[in-house]
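With CSV, C-alpha atoms inside, this is final-v6.csv:
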```csv
chain,number,residue,atom,x,y,z
A,1,MET,CA,140.8,171.9,198.2
A,2,ALA,CA,143.6,170.8,195.8
A,3,LYS,CA,146.6,173.0,195.4
A,4,PRO,CA,146.4,175.1,192.2
A,5,VAL,CA,148.6,173.9,189.4
A,6,SER,CA,151.5,176.3,188.6
A,7,GLN,CA,154.4,176.5,186.3
A,8,PHE,CA,157.5,178.7,186.6
A,9,GLU,CA,160.7,179.4,184.8
A,10,LEU,CA,164.1,178.9,186.4
A,11,ALA,CA,166.3,182.0,186.8
A,12,HIS,CA,169.8,182.0,185.3
A,13,PRO,CA,169.3,179.5,182.5
A,14,PRO,CA,172.1,178.1,180.3
A,15,SER,CA,173.3,180.5,177.6
A,16,ASP,CA,173.1,177.9,174.8
A,17,ALA,CA,171.0,174.9,173.8
A,18,ILE,CA,170.1,172.4,176.7
A,19,SER,CA,171.0,168.8,176.0
A,20,ALA,CA,169.7,167.0,179.1
A,21,LEU,CA,167.9,167.5,182.5
A,22,ALA,CA,168.1,165.3,185.6
A,23,PHE,CA,166.4,165.6,189.0
A,24,ALA,CA,168.2,164.5,192.1
A,25,PRO,CA,167.1,161.1,193.5
A,26,ASP,CA,166.5,162.6,197.0
A,27,SER,CA,165.7,166.3,196.6
A,28,ALA,CA,164.2,169.0,194.3
A,29,ARG,CA,167.6,169.8,192.9
A,30,LEU,CA,167.9,169.8,189.1
A,31,LEU,CA,170.9,169.5,186.8
A,32,ALA,CA,170.9,170.9,183.2
A,33,ALA,CA,173.6,170.0,180.7
A,34,SER,CA,174.3,172.5,177.9
A,35,TRP,CA,176.1,173.1,174.6
A,36,ASP,CA,177.6,176.2,176.3
A,37,LYS,CA,180.1,173.7,177.9
A,38,ASN,CA,178.6,173.9,181.4
A,39,VAL,CA,176.4,171.9,183.7
A,40,TYR,CA,174.1,173.9,185.9
A,41,LEU,CA,172.9,172.8,189.4
A,42,TYR,CA,169.6,174.4,190.6
A,43,ASP,CA,167.5,174.3,193.7
A,44,THR,CA,164.0,174.4,192.2
A,45,MET,CA,162.3,175.0,195.5
A,46,LYS,CA,164.4,177.9,196.8
A,47,SER,CA,164.4,181.4,195.2
A,48,ASP,CA,167.0,184.2,195.4
A,49,GLY,CA,164.7,187.1,194.6
A,50,ASP,CA,161.1,188.1,194.4
A,51,GLU,CA,158.8,185.3,193.2
A,52,ASN,CA,156.3,187.9,192.1
A,53,ALA,CA,158.8,189.7,189.8
A,54,ASP,CA,157.7,190.6,186.3
A,55,ASP,CA,159.6,187.7,184.6
A,56,GLY,CA,158.2,185.2,187.1
A,57,ALA,CA,161.6,183.4,187.3
A,58,ARG,CA,162.2,181.3,190.4
A,59,GLY,CA,164.7,178.8,191.7
A,60,THR,CA,168.3,179.3,192.7
A,61,LEU,CA,171.4,178.5,190.7
A,62,LEU,CA,173.7,176.8,193.2
A,63,ARG,CA,176.7,176.0,191.1
A,64,THR,CA,178.0,175.7,187.5
A,65,PHE,CA,180.6,173.1,186.3
A,66,GLU,CA,182.6,174.2,183.3
A,67,HIS,CA,183.8,171.6,180.8
A,68,ARG,CA,186.2,171.8,177.9
A,69,ALA,CA,183.5,171.0,175.3
A,70,PRO,CA,179.7,170.9,175.0
A,71,VAL,CA,178.0,168.6,177.5
A,72,MET,CA,175.7,166.0,175.8
A,73,ASP,CA,174.2,164.3,178.8
A,74,VAL,CA,174.1,164.3,182.6
A,75,CYS,CA,172.8,161.9,185.3
A,76,TYR,CA,172.9,161.6,189.0
A,77,GLY,CA,175.0,158.8,190.6
A,78,ALA,CA,174.5,156.9,193.9
A,79,ASP,CA,173.0,159.9,195.6
A,80,GLY,CA,172.3,163.6,195.3
A,81,GLY,CA,175.9,164.5,196.0
A,82,GLU,CA,177.4,163.2,192.7
A,83,ALA,CA,176.7,163.3,189.0
A,84,PHE,CA,178.3,162.1,185.8
A,85,THR,CA,178.5,163.8,182.4
A,86,ALA,CA,179.0,162.8,178.8
A,87,GLY,CA,180.9,165.3,176.6
A,88,MET,CA,182.0,166.2,173.2
A,89,ASP,CA,185.5,166.1,174.6
A,90,TRP,CA,185.2,162.2,174.4
A,91,GLN,CA,185.3,162.0,178.2
A,92,VAL,CA,183.0,160.9,181.1
A,93,HIS,CA,183.4,163.1,184.2
A,94,ARG,CA,182.3,162.7,187.8
A,95,LEU,CA,181.0,165.9,189.5
A,96,ASP,CA,181.1,166.3,193.3
A,97,LEU,CA,178.1,168.5,193.6
A,98,GLU,CA,179.1,169.6,197.1
A,99,THR,CA,182.7,170.6,196.6
A,100,GLY,CA,182.6,171.4,192.9
A,101,GLU,CA,185.5,168.9,192.2
A,102,GLN,CA,185.6,167.3,188.8
A,103,THR,CA,187.4,164.0,187.9
A,104,THR,CA,187.7,162.1,184.7
A,105,VAL,CA,186.4,158.5,185.1
A,106,GLY,CA,186.4,157.4,181.5
A,107,LYS,CA,187.7,158.2,178.0
A,108,HIS,CA,186.2,157.1,174.6
A,109,ALA,CA,187.6,157.5,171.1
A,110,ALA,CA,184.8,159.8,170.0
A,111,PRO,CA,182.2,162.1,171.6
A,112,VAL,CA,180.2,160.5,174.4
A,113,ARG,CA,176.4,160.8,173.6
A,114,ARG,CA,174.7,159.4,176.6
A,115,VAL,CA,175.4,158.3,180.2
A,116,VAL,CA,173.2,156.5,182.7
A,117,TYR,CA,173.6,155.2,186.3
A,118,SER,CA,172.0,152.0,187.6
A,119,GLN,CA,171.2,152.4,191.3
A,120,GLU,CA,170.3,148.7,191.6
A,121,HIS,CA,173.7,147.5,190.3
A,122,SER,CA,176.0,150.5,191.1
A,123,LEU,CA,176.9,150.7,187.4
A,124,LEU,CA,177.8,153.8,185.4
A,125,ILE,CA,177.3,153.2,181.6
A,126,SER,CA,178.4,155.5,178.9
A,127,ALA,CA,177.5,155.3,175.2
A,128,SER,CA,179.9,156.9,172.6
A,129,TRP,CA,179.9,157.6,168.9
A,130,ASP,CA,182.9,155.3,168.8
A,131,SER,CA,180.2,152.6,168.8
A,132,THR,CA,181.0,151.3,172.3
A,133,LEU,CA,179.5,151.1,175.7
A,134,HIS,CA,181.8,151.5,178.7
A,135,VAL,CA,180.5,149.8,181.8
A,136,HIS,CA,182.1,151.3,185.0
A,137,SER,CA,181.6,149.4,188.3
A,138,ARG,CA,181.3,152.2,190.9
A,139,ALA,CA,181.6,149.6,193.6
A,140,ASP,CA,185.3,149.5,192.6
A,141,PRO,CA,186.1,152.8,190.9
A,142,THR,CA,189.8,151.7,190.5
A,143,GLN,CA,188.8,149.0,188.1
A,144,ALA,CA,189.1,149.7,184.3
A,145,PRO,CA,185.7,149.9,182.6
A,146,LEU,CA,184.4,147.0,180.5
A,147,SER,CA,184.2,147.9,176.8
A,148,VAL,CA,181.2,146.5,174.9
A,149,PRO,CA,181.3,146.9,171.1
A,150,LEU,CA,178.1,148.0,169.4
A,151,PRO,CA,177.0,147.4,165.7
A,152,GLY,CA,176.0,151.0,165.2
A,153,LYS,CA,176.4,154.5,166.6
A,154,PRO,CA,174.3,154.9,169.7
A,155,HIS,CA,171.8,157.8,169.9
A,156,ALA,CA,169.7,157.0,173.0
A,157,LEU,CA,170.2,155.1,176.2
A,158,ALA,CA,168.0,154.2,179.2
A,159,ALA,CA,168.1,151.9,182.2
A,160,SER,CA,165.2,150.1,184.0
A,161,PRO,CA,165.8,148.3,187.3
A,162,SER,CA,167.1,145.2,185.4
A,163,LYS,CA,167.7,146.2,181.8
A,164,LEU,CA,169.7,148.6,179.6
A,165,ILE,CA,168.2,149.8,176.3
A,166,VAL,CA,170.5,151.0,173.6
A,167,ALA,CA,169.0,152.6,170.4
A,168,MET,CA,171.4,152.9,167.5
A,169,THR,CA,171.6,153.9,163.8
A,170,SER,CA,170.0,151.5,161.2
A,171,ARG,CA,167.0,151.0,163.6
A,172,LEU,CA,169.1,148.7,165.8
A,173,VAL,CA,168.0,148.2,169.4
A,174,HIS,CA,170.0,146.1,171.9
A,175,ILE,CA,168.7,145.2,175.4
A,176,TYR,CA,171.3,144.2,177.9
A,177,ASP,CA,170.8,142.4,181.3
A,178,LEU,CA,172.3,144.7,183.9
A,179,ALA,CA,173.2,141.9,186.2
A,180,ALA,CA,175.1,140.2,183.4
A,181,LEU,CA,176.9,143.5,182.7
A,182,SER,CA,177.8,143.9,186.4
A,183,ALA,CA,179.2,140.4,186.5
A,184,ALA,CA,181.2,140.9,183.4
A,185,ALA,CA,182.6,144.2,184.7
A,186,ALA,CA,183.7,142.5,187.9
A,187,SER,CA,185.3,139.6,186.1
A,188,PRO,CA,186.2,140.5,182.5
A,189,ALA,CA,186.1,137.6,180.0
A,190,PRO,CA,187.9,137.3,176.7
A,191,GLU,CA,184.6,138.0,174.9
A,192,PRO,CA,182.3,140.9,175.9
A,193,PRO,CA,178.8,140.1,177.1
A,194,GLN,CA,176.2,139.6,174.4
A,195,PRO,CA,172.8,141.5,174.4
A,196,TRP,CA,169.9,139.8,176.2
A,197,GLN,CA,167.8,140.7,173.2
A,198,GLN,CA,168.4,142.2,169.8
A,199,ARG,CA,165.5,144.0,168.1
A,200,GLU,CA,164.7,146.2,165.1
A,201,SER,CA,163.0,149.4,166.1
A,202,SER,CA,159.3,149.7,165.5
A,203,LEU,CA,159.9,153.2,164.1
A,204,LYS,CA,161.0,153.6,160.5
A,205,PHE,CA,163.2,156.7,161.1
A,206,LEU,CA,166.1,157.6,163.4
A,207,THR,CA,165.5,157.1,167.1
A,208,ARG,CA,165.8,160.3,169.1
A,209,ALA,CA,164.9,159.2,172.6
A,210,VAL,CA,164.3,156.2,174.8
A,211,ALA,CA,162.8,155.9,178.3
A,212,ALA,CA,162.4,152.8,180.5
A,213,MET,CA,159.3,151.9,182.5
A,214,PRO,CA,159.9,152.1,186.2
A,215,SER,CA,157.9,148.9,186.5
A,216,ASP,CA,160.7,147.1,184.6
A,217,ALA,CA,158.1,145.9,182.1
A,218,GLY,CA,159.3,147.7,178.9
A,219,TYR,CA,160.2,151.0,177.3
A,220,ALA,CA,159.2,153.7,174.9
A,221,THR,CA,161.2,155.1,172.0
A,222,SER,CA,160.6,158.2,169.8
A,223,SER,CA,161.8,159.2,166.4
A,224,ILE,CA,162.6,162.2,164.3
A,225,GLU,CA,159.4,161.5,162.3
A,226,GLY,CA,156.8,162.4,164.9
A,227,ARG,CA,156.1,158.9,166.3
A,228,VAL,CA,156.4,157.1,169.6
A,229,ALA,CA,156.6,153.3,170.1
A,230,VAL,CA,155.8,151.4,173.3
A,231,GLU,CA,157.2,147.9,173.7
A,232,TRP,CA,157.6,145.2,176.4
A,233,PHE,CA,160.7,143.2,177.4
A,234,ASP,CA,158.8,139.9,177.6
A,235,ALA,CA,159.6,138.1,174.3
A,236,SER,CA,156.5,135.9,174.3
A,237,ALA,CA,154.2,136.3,171.2
A,238,GLU,CA,151.4,137.4,173.5
A,239,SER,CA,153.4,140.2,175.0
A,240,GLN,CA,154.9,141.3,171.7
A,241,ALA,CA,151.4,141.5,170.3
A,242,ARG,CA,150.8,144.4,172.7
A,243,LYS,CA,153.5,146.7,171.3
A,244,TYR,CA,152.2,149.6,169.3
A,245,ALA,CA,153.3,152.9,167.7
A,246,PHE,CA,151.4,156.1,167.2
A,247,LYS,CA,151.8,159.5,165.5
A,248,CYS,CA,152.2,162.6,167.7
A,249,HIS,CA,153.8,166.1,167.7
A,250,ARG,CA,152.4,167.0,164.4
A,251,GLN,CA,150.5,170.0,163.2
A,252,ALA,CA,148.1,170.4,160.3
A,253,SER,CA,149.5,172.6,157.6
A,254,ASN,CA,147.6,175.4,155.8
A,255,PRO,CA,147.4,174.3,152.2
A,256,ALA,CA,147.8,176.9,149.5
A,257,ALA,CA,144.5,178.4,148.1
A,258,ASP,CA,145.1,176.8,144.7
A,259,SER,CA,146.0,173.4,146.1
A,260,SER,CA,143.5,170.6,145.3
A,261,GLY,CA,145.1,167.9,147.5
A,262,PRO,CA,144.3,167.1,151.1
A,263,PRO,CA,146.1,169.0,153.9
A,264,ALA,CA,149.3,167.4,155.0
A,265,ASP,CA,150.7,167.2,158.5
A,266,VAL,CA,153.9,169.2,159.5
A,267,VAL,CA,155.9,166.5,161.2
A,268,TYR,CA,158.3,167.3,164.1
A,269,PRO,CA,160.9,165.2,165.9
A,270,VAL,CA,160.0,163.8,169.3
A,271,ASN,CA,163.1,164.9,171.2
A,272,ALA,CA,162.4,163.7,174.8
A,273,LEU,CA,160.5,161.0,176.7
A,274,ALA,CA,160.2,160.5,180.5
A,275,PHE,CA,158.1,158.0,182.5
A,276,HIS,CA,156.4,159.1,185.7
A,277,PRO,CA,158.2,157.6,188.6
A,278,VAL,CA,155.0,156.9,190.7
A,279,HIS,CA,152.4,156.3,188.1
A,280,GLY,CA,154.6,154.2,185.9
A,281,GLY,CA,152.0,153.8,183.1
A,282,THR,CA,152.2,157.5,182.4
A,283,PHE,CA,154.9,159.1,180.3
A,284,ALA,CA,155.6,162.5,178.9
A,285,SER,CA,156.8,163.4,175.4
A,286,GLY,CA,158.3,166.7,174.2
A,287,GLY,CA,158.7,167.7,170.6
A,288,GLY,CA,159.9,170.1,168.0
A,289,ASP,CA,156.4,171.5,167.8
A,290,ALA,CA,157.1,173.2,171.2
A,291,THR,CA,154.6,171.1,173.1
A,292,VAL,CA,154.6,168.5,175.9
A,293,ALA,CA,152.0,165.8,176.1
A,294,LEU,CA,151.1,163.2,178.8
A,295,TRP,CA,150.2,159.7,177.7
A,296,ASP,CA,148.6,156.6,179.3
A,297,ALA,CA,150.8,153.7,178.0
A,298,ALA,CA,148.3,151.0,178.9
A,299,ALA,CA,145.2,152.7,177.7
A,300,LYS,CA,146.9,153.9,174.5
A,301,ARG,CA,145.5,157.4,175.0
A,302,ARG,CA,146.7,161.0,175.3
A,303,MET,CA,145.9,162.4,178.7
A,304,LYS,CA,146.9,166.0,178.3
A,305,VAL,CA,148.7,168.5,176.1
A,306,TYR,CA,150.2,171.5,177.8
A,307,GLN,CA,150.4,175.0,176.4
A,308,LYS,CA,152.8,175.6,173.5
A,309,PHE,CA,156.2,176.9,174.4
A,310,ALA,CA,158.2,179.5,172.5
A,311,ASP,CA,160.7,177.0,171.1
A,312,SER,CA,161.3,173.3,170.6
A,313,VAL,CA,161.2,171.0,173.7
A,314,ALA,CA,164.7,169.5,174.1
A,315,ALA,CA,164.6,167.6,177.3
A,316,LEU,CA,162.2,166.4,180.1
A,317,ALA,CA,162.6,165.1,183.6
A,318,PHE,CA,160.2,164.1,186.4
A,319,SER,CA,161.1,164.8,190.0
A,320,PRO,CA,161.5,161.5,192.1
A,321,ASP,CA,158.2,162.1,193.8
A,322,GLY,CA,156.5,162.8,190.5
A,323,ARG,CA,155.1,166.1,191.6
A,324,ARG,CA,157.2,168.2,189.2
A,325,LEU,CA,158.1,168.0,185.5
A,326,ALA,CA,161.1,170.0,184.2
A,327,VAL,CA,161.0,171.1,180.6
A,328,ALA,CA,164.0,172.4,178.7
A,329,VAL,CA,163.1,174.7,175.7
A,330,GLY,CA,165.2,176.1,173.0
A,331,PRO,CA,165.5,176.5,169.2
A,332,GLY,CA,165.7,173.2,167.3
A,333,PHE,CA,166.7,172.4,163.8
A,334,GLU,CA,163.2,172.2,162.5
A,335,THR,CA,163.7,175.1,160.1
A,336,GLY,CA,167.2,174.0,159.1
A,337,MET,CA,170.7,174.7,160.2
A,338,ASP,CA,171.3,178.0,158.4
A,339,ASP,CA,172.0,180.8,160.9
A,340,TYR,CA,171.1,178.5,163.8
A,341,ASP,CA,171.7,180.3,167.1
A,342,ALA,CA,170.3,179.2,170.5
A,343,ARG,CA,172.2,181.7,172.6
A,344,GLY,CA,169.9,183.6,174.9
A,345,ARG,CA,166.9,181.5,174.1
A,346,ALA,CA,167.5,178.4,176.2
A,347,ARG,CA,165.0,178.2,179.1
A,348,VAL,CA,164.0,175.7,181.8
A,349,PHE,CA,160.4,175.5,183.1
A,350,VAL,CA,159.2,173.5,186.1
A,351,ARG,CA,155.5,172.5,186.2
A,352,GLU,CA,154.0,171.5,189.5
A,353,LEU,CA,151.6,168.7,188.7
A,354,GLY,CA,148.0,168.6,190.0
A,355,GLU,CA,147.1,165.8,192.4
A,356,ASN,CA,145.6,163.6,189.7
A,357,GLU,CA,147.2,165.2,186.7
A,358,ALA,CA,149.4,162.2,185.9
A,359,VAL,CA,147.1,159.4,187.2
A,360,PRO,CA,146.1,156.9,184.4
A,361,LYS,CA,142.5,156.6,183.6
A,362,GLY,CA,140.5,154.7,186.2
A,363,LYS,CA,143.1,155.2,188.9
A,364,GLY,CA,142.2,158.6,190.2
A,365,LYS,CA,140.9,159.3,193.7
```
Taking this structure as input, can you express it in the form of structure tokens?
Amino acid sequence: MAKPVSQFELAHPPSDAISALAFAPDSARLLAASWDKNVYLYDTMKSDGDENADDGARGTLLRTFEHRAPVMDVCYGADGGEAFTAGMDWQVHRLDLETGEQTTVGKHAAPVRRVVYSQEHSLLISASWDSTLHVHSRADPTQAPLSVPLPGKPHALAASPSKLIVAMTSRLVHIYDLAALSAAAASPAPEPPQPWQQRESSLKFLTRAVAAMPSDAGYATSSIEGRVAVEWFDASAESQARKYAFKCHRQASNPAADSSGPPADVVYPVNALAFHPVHGGTFASGGGDATVALWDAAAKRRMKVYQKFADSVAALAFSPDGRRLAVAVGPGFETGMDDYDARGRARVFVRELGENEAVPKGKGK
């Protein structure tokens, strides 16, 4: 008999809005970056107290890493013992998760929005609102990072095994070849490397998130206007004809009694995307409507919508074995910025997926 599906909340959540989640590449440990100027390291499989307690909270908070400013992003490095953060203090930090030591590995001229690590190329890449990428070769940490100018302010960043996707303002999307970035970082040239491809986003509004397919075939982007687009790297006409976009994370409004027009959708931003690491055609989306959905990218269909959370979904992360999905929840800006306060309302949930819960149609046992 299949193990029953369960979901639990992590004990000791951040005290302010959560900006990013990241599972370790080799364990059930989870990192959460927060606007409260801290990064939190959890063991999602180990609990300090009674798992049957009234609040149902589980997991163990192993360590916190205090920063000087809000932390915008976090990612693991070469293994589960190190992580890197992007901060509003304009800096990129390395965290030694075993000793607690923090070191500054890079500085930008404006807040750092995103940071990713490429296992295949031992590259750390940060994207800043100073409109640059910094490419750090971790094979030689003493080497100065390569600076790559961007035509717009970056808002989302993701890496596949061979490509880096940068989504910027003005619907700009640049795709870089990671091998070329690695070579340029090792032997800097007078001119920075050019993007492998330059595209215009399929979405009409600001890009909120981007996620790369584990298969290295393409990527998905989401916008503030309740839409997701799926695209492929292959530039052939046949491959590009497969790209598509769809509406999601919307709710039907209740029109006024004296209204004669058709009901309109209430549109929410799609804040987070994550591809399943095992069933690479499946991805999750999380939105300002406080829901998480699973999608089959190839079949262009929604597989599942989970129960509504109390607040907006801010971040998502699958565990490396694909058996767990971490969900960060907290107030968004859907109702405006007046009196915004996320303190005490940030929460992290971990869903243990059923055996075939993320398997695309036609591939179940």
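Between Gly226 in chain A and the candidates A:His276, A:His67, A:Arg242, A:Arg208, the tightest atom-to-atom separation, counting all atoms listed in the file, involves A:Arg208.
Non-sequential neighbours of Arg63 in chain A (distance at most 9 Å, separation of 3 or more positions within a chain, only C-alpha atoms) are Val39, Tyr40, Leu41, Tyr42, Leu97 and Gly100 of chain A.
Across A:Gly59, A:Pro188, A:Gly287, A:Gly77, the tightest approach to Ser118 in chain A is made by A:Gly77 when counting all atoms listed in the file.
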Can you tell me which residues surround range 6-21 of chain A at a distance of at most 6 Å, considering only C-alpha atoms, apart from same-chain residues fewer than 3 positions away, and format the answer as an mmCIF file with C-alpha atoms, keeping the file's coordinate frame?
```cif
data_model
loop_
_atom_site.group_PDB
_atom_site.id
_atom_site.type_symbol
_atom_site.label_atom_id
_atom_site.label_comp_id
_atom_site.auth_asym_id
_atom_site.auth_seq_id
_atom_site.Cartn_x
_atom_site.Cartn_y
_atom_site.Cartn_z
ATOM 1 C CA LEU A 31 170.900 169.500 186.800
ATOM 2 C CA ALA A 32 170.900 170.900 183.200
ATOM 3 C CA ALA A 33 173.600 170.000 180.700
ATOM 4 C CA SER A 34 174.300 172.500 177.900
ATOM 5 C CA TRP A 35 176.100 173.100 174.600
ATOM 6 C CA ASP A 36 177.600 176.200 176.300
ATOM 7 C CA ALA A 57 161.600 183.400 187.300
ATOM 8 C CA ARG A 58 162.200 181.300 190.400
ATOM 9 C CA GLY A 59 164.700 178.800 191.700
ATOM 10 C CA MET A 72 175.700 166.000 175.800
ATOM 11 C CA ASP A 73 174.200 164.300 178.800
ATOM 12 C CA ALA A 315 164.600 167.600 177.300
ATOM 13 C CA ALA A 317 162.600 165.100 183.600
ATOM 14 C CA GLY A 330 165.200 176.100 173.000
ATOM 15 C CA ALA A 342 170.300 179.200 170.500
ATOM 16 C CA ARG A 343 172.200 181.700 172.600
ATOM 17 C CA GLY A 344 169.900 183.600 174.900
ATOM 18 C CA ALA A 346 167.500 178.400 176.200
ATOM 19 C CA ARG A 347 165.000 178.200 179.100
ATOM 20 C CA VAL A 348 164.000 175.700 181.800
ATOM 21 C CA PHE A 349 160.400 175.500 183.100
ATOM 22 C CA VAL A 350 159.200 173.500 186.100
ATOM 23 C CA ARG A 351 155.500 172.500 186.200
ATOM 24 C CA GLU A 352 154.000 171.500 189.500
#
```
Would you compute the box with edges along x, y and z of the file around range 221-230 of chain A, including every atom the file lists for it and 4 Å extra on each side, and give its centre and edge lengths in Å to one decimal, as AutoDock Vina command-line options?
```
--center_x 159.2 --center_y 156.9 --center_z 167.8 --size_x 14.8 --size_y 19.0 --size_z 19.0
```
With a distance cut-off of 10 Å and all atoms listed in the file, select the neighbouring residues of Ala110 in chain A, excluding the residue or stretch itself and same-chain residues fewer than 5 positions from it, and output the selection as a ChimeraX atom specification.
-> /A:87-91,128-132
Export of prior selection with C-alpha atoms as a PDB file, keeping the file's coordinate frame:
```pdb
ATOM      1  CA  GLY A  87     180.900 165.300 176.600  1.00  0.00           C
ATOM      2  CA  MET A  88     182.000 166.200 173.200  1.00  0.00           C
ATOM      3  CA  ASP A  89     185.500 166.100 174.600  1.00  0.00           C
ATOM      4  CA  TRP A  90     185.200 162.200 174.400  1.00  0.00           C
ATOM      5  CA  GLN A  91     185.300 162.000 178.200  1.00  0.00           C
ATOM      6  CA  SER A 128     179.900 156.900 172.600  1.00  0.00           C
ATOM      7  CA  TRP A 129     179.900 157.600 168.900  1.00  0.00           C
ATOM      8  CA  ASP A 130     182.900 155.300 168.800  1.00  0.00           C
ATOM      9  CA  SER A 131     180.200 152.600 168.800  1.00  0.00           C
ATOM     10  CA  THR A 132     181.000 151.300 172.300  1.00  0.00           C
TER      11      THR A 132
END
```
Which is closer to Thr103 in chain A than all the others in A:Trp196, A:Tyr306, A:Phe65, A:Phe283, using all atoms listed in the file?
-> A:Phe65
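Taking CA of Ser239 in chain A and CA of Gly152 in chain A as the two end points, the separation is 26.9 Å.
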Nearby residues (only C-alpha atoms) at most 6 Å from Thr282 in chain A, same-chain spacing under 5 positions excluded, as number ranges by chain | A: 275-276, 295-297
What is the distance, in Å and to one decimal place, between CA of Ala183 in chain A and CA of Pro277 in chain A?
-> 27.2 Å
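Between Arg227 in chain A and the candidates A:Lys204, A:Arg302, A:Arg113, A:Arg345, the tightest atom-to-atom separation, counting only C-alpha atoms, involves A:Lys204.
Excluding Thr85 in chain A itself and same-chain residues fewer than 6 positions from it, the residues having an atom within 6 Å of it are Asp73, Val74, Val92 and His93 of chain A, counting all atoms listed in the file.
Counting from CA of Tyr268 in chain A, the distance to CA of Leu294 in chain A is 16.9 Å.
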Could you give me, as JSON lines, a per-residue list for range 202-309 of chain A showing, wherever an atom lies at most 10 Å from an atom of range 163-169 of chain A, the closest pair of atoms and their distance in Å to one decimal, using only C-alpha atoms and sorting by chain then residue number from low to high?
```
{"residue": "A:Phe205", "atom": "CA", "partner": "A:Thr169", "partner_atom": "CA", "distance": 9.3}
{"residue": "A:Leu206", "atom": "CA", "partner": "A:Thr169", "partner_atom": "CA", "distance": 6.6}
{"residue": "A:Thr207", "atom": "CA", "partner": "A:Ala167", "partner_atom": "CA", "distance": 6.6}
{"residue": "A:Arg208", "atom": "CA", "partner": "A:Ala167", "partner_atom": "CA", "distance": 8.4}
{"residue": "A:Ala209", "atom": "CA", "partner": "A:Ala167", "partner_atom": "CA", "distance": 8.1}
{"residue": "A:Val210", "atom": "CA", "partner": "A:Ala167", "partner_atom": "CA", "distance": 7.4}
{"residue": "A:Ala211", "atom": "CA", "partner": "A:Ile165", "partner_atom": "CA", "distance": 8.4}
{"residue": "A:Ala212", "atom": "CA", "partner": "A:Ile165", "partner_atom": "CA", "distance": 7.8}
{"residue": "A:Asp216", "atom": "CA", "partner": "A:Lys163", "partner_atom": "CA", "distance": 7.6}
{"residue": "A:Ala217", "atom": "CA", "partner": "A:Lys163", "partner_atom": "CA", "distance": 9.6}
{"residue": "A:Gly218", "atom": "CA", "partner": "A:Lys163", "partner_atom": "CA", "distance": 9.0}
{"residue": "A:Tyr219", "atom": "CA", "partner": "A:Ile165", "partner_atom": "CA", "distance": 8.2}
{"residue": "A:Ala220", "atom": "CA", "partner": "A:Ile165", "partner_atom": "CA", "distance": 9.9}
{"residue": "A:Thr221", "atom": "CA", "partner": "A:Ala167", "partner_atom": "CA", "distance": 8.3}
{"residue": "A:Phe233", "atom": "CA", "partner": "A:Lys163", "partner_atom": "CA", "distance": 8.8}
```
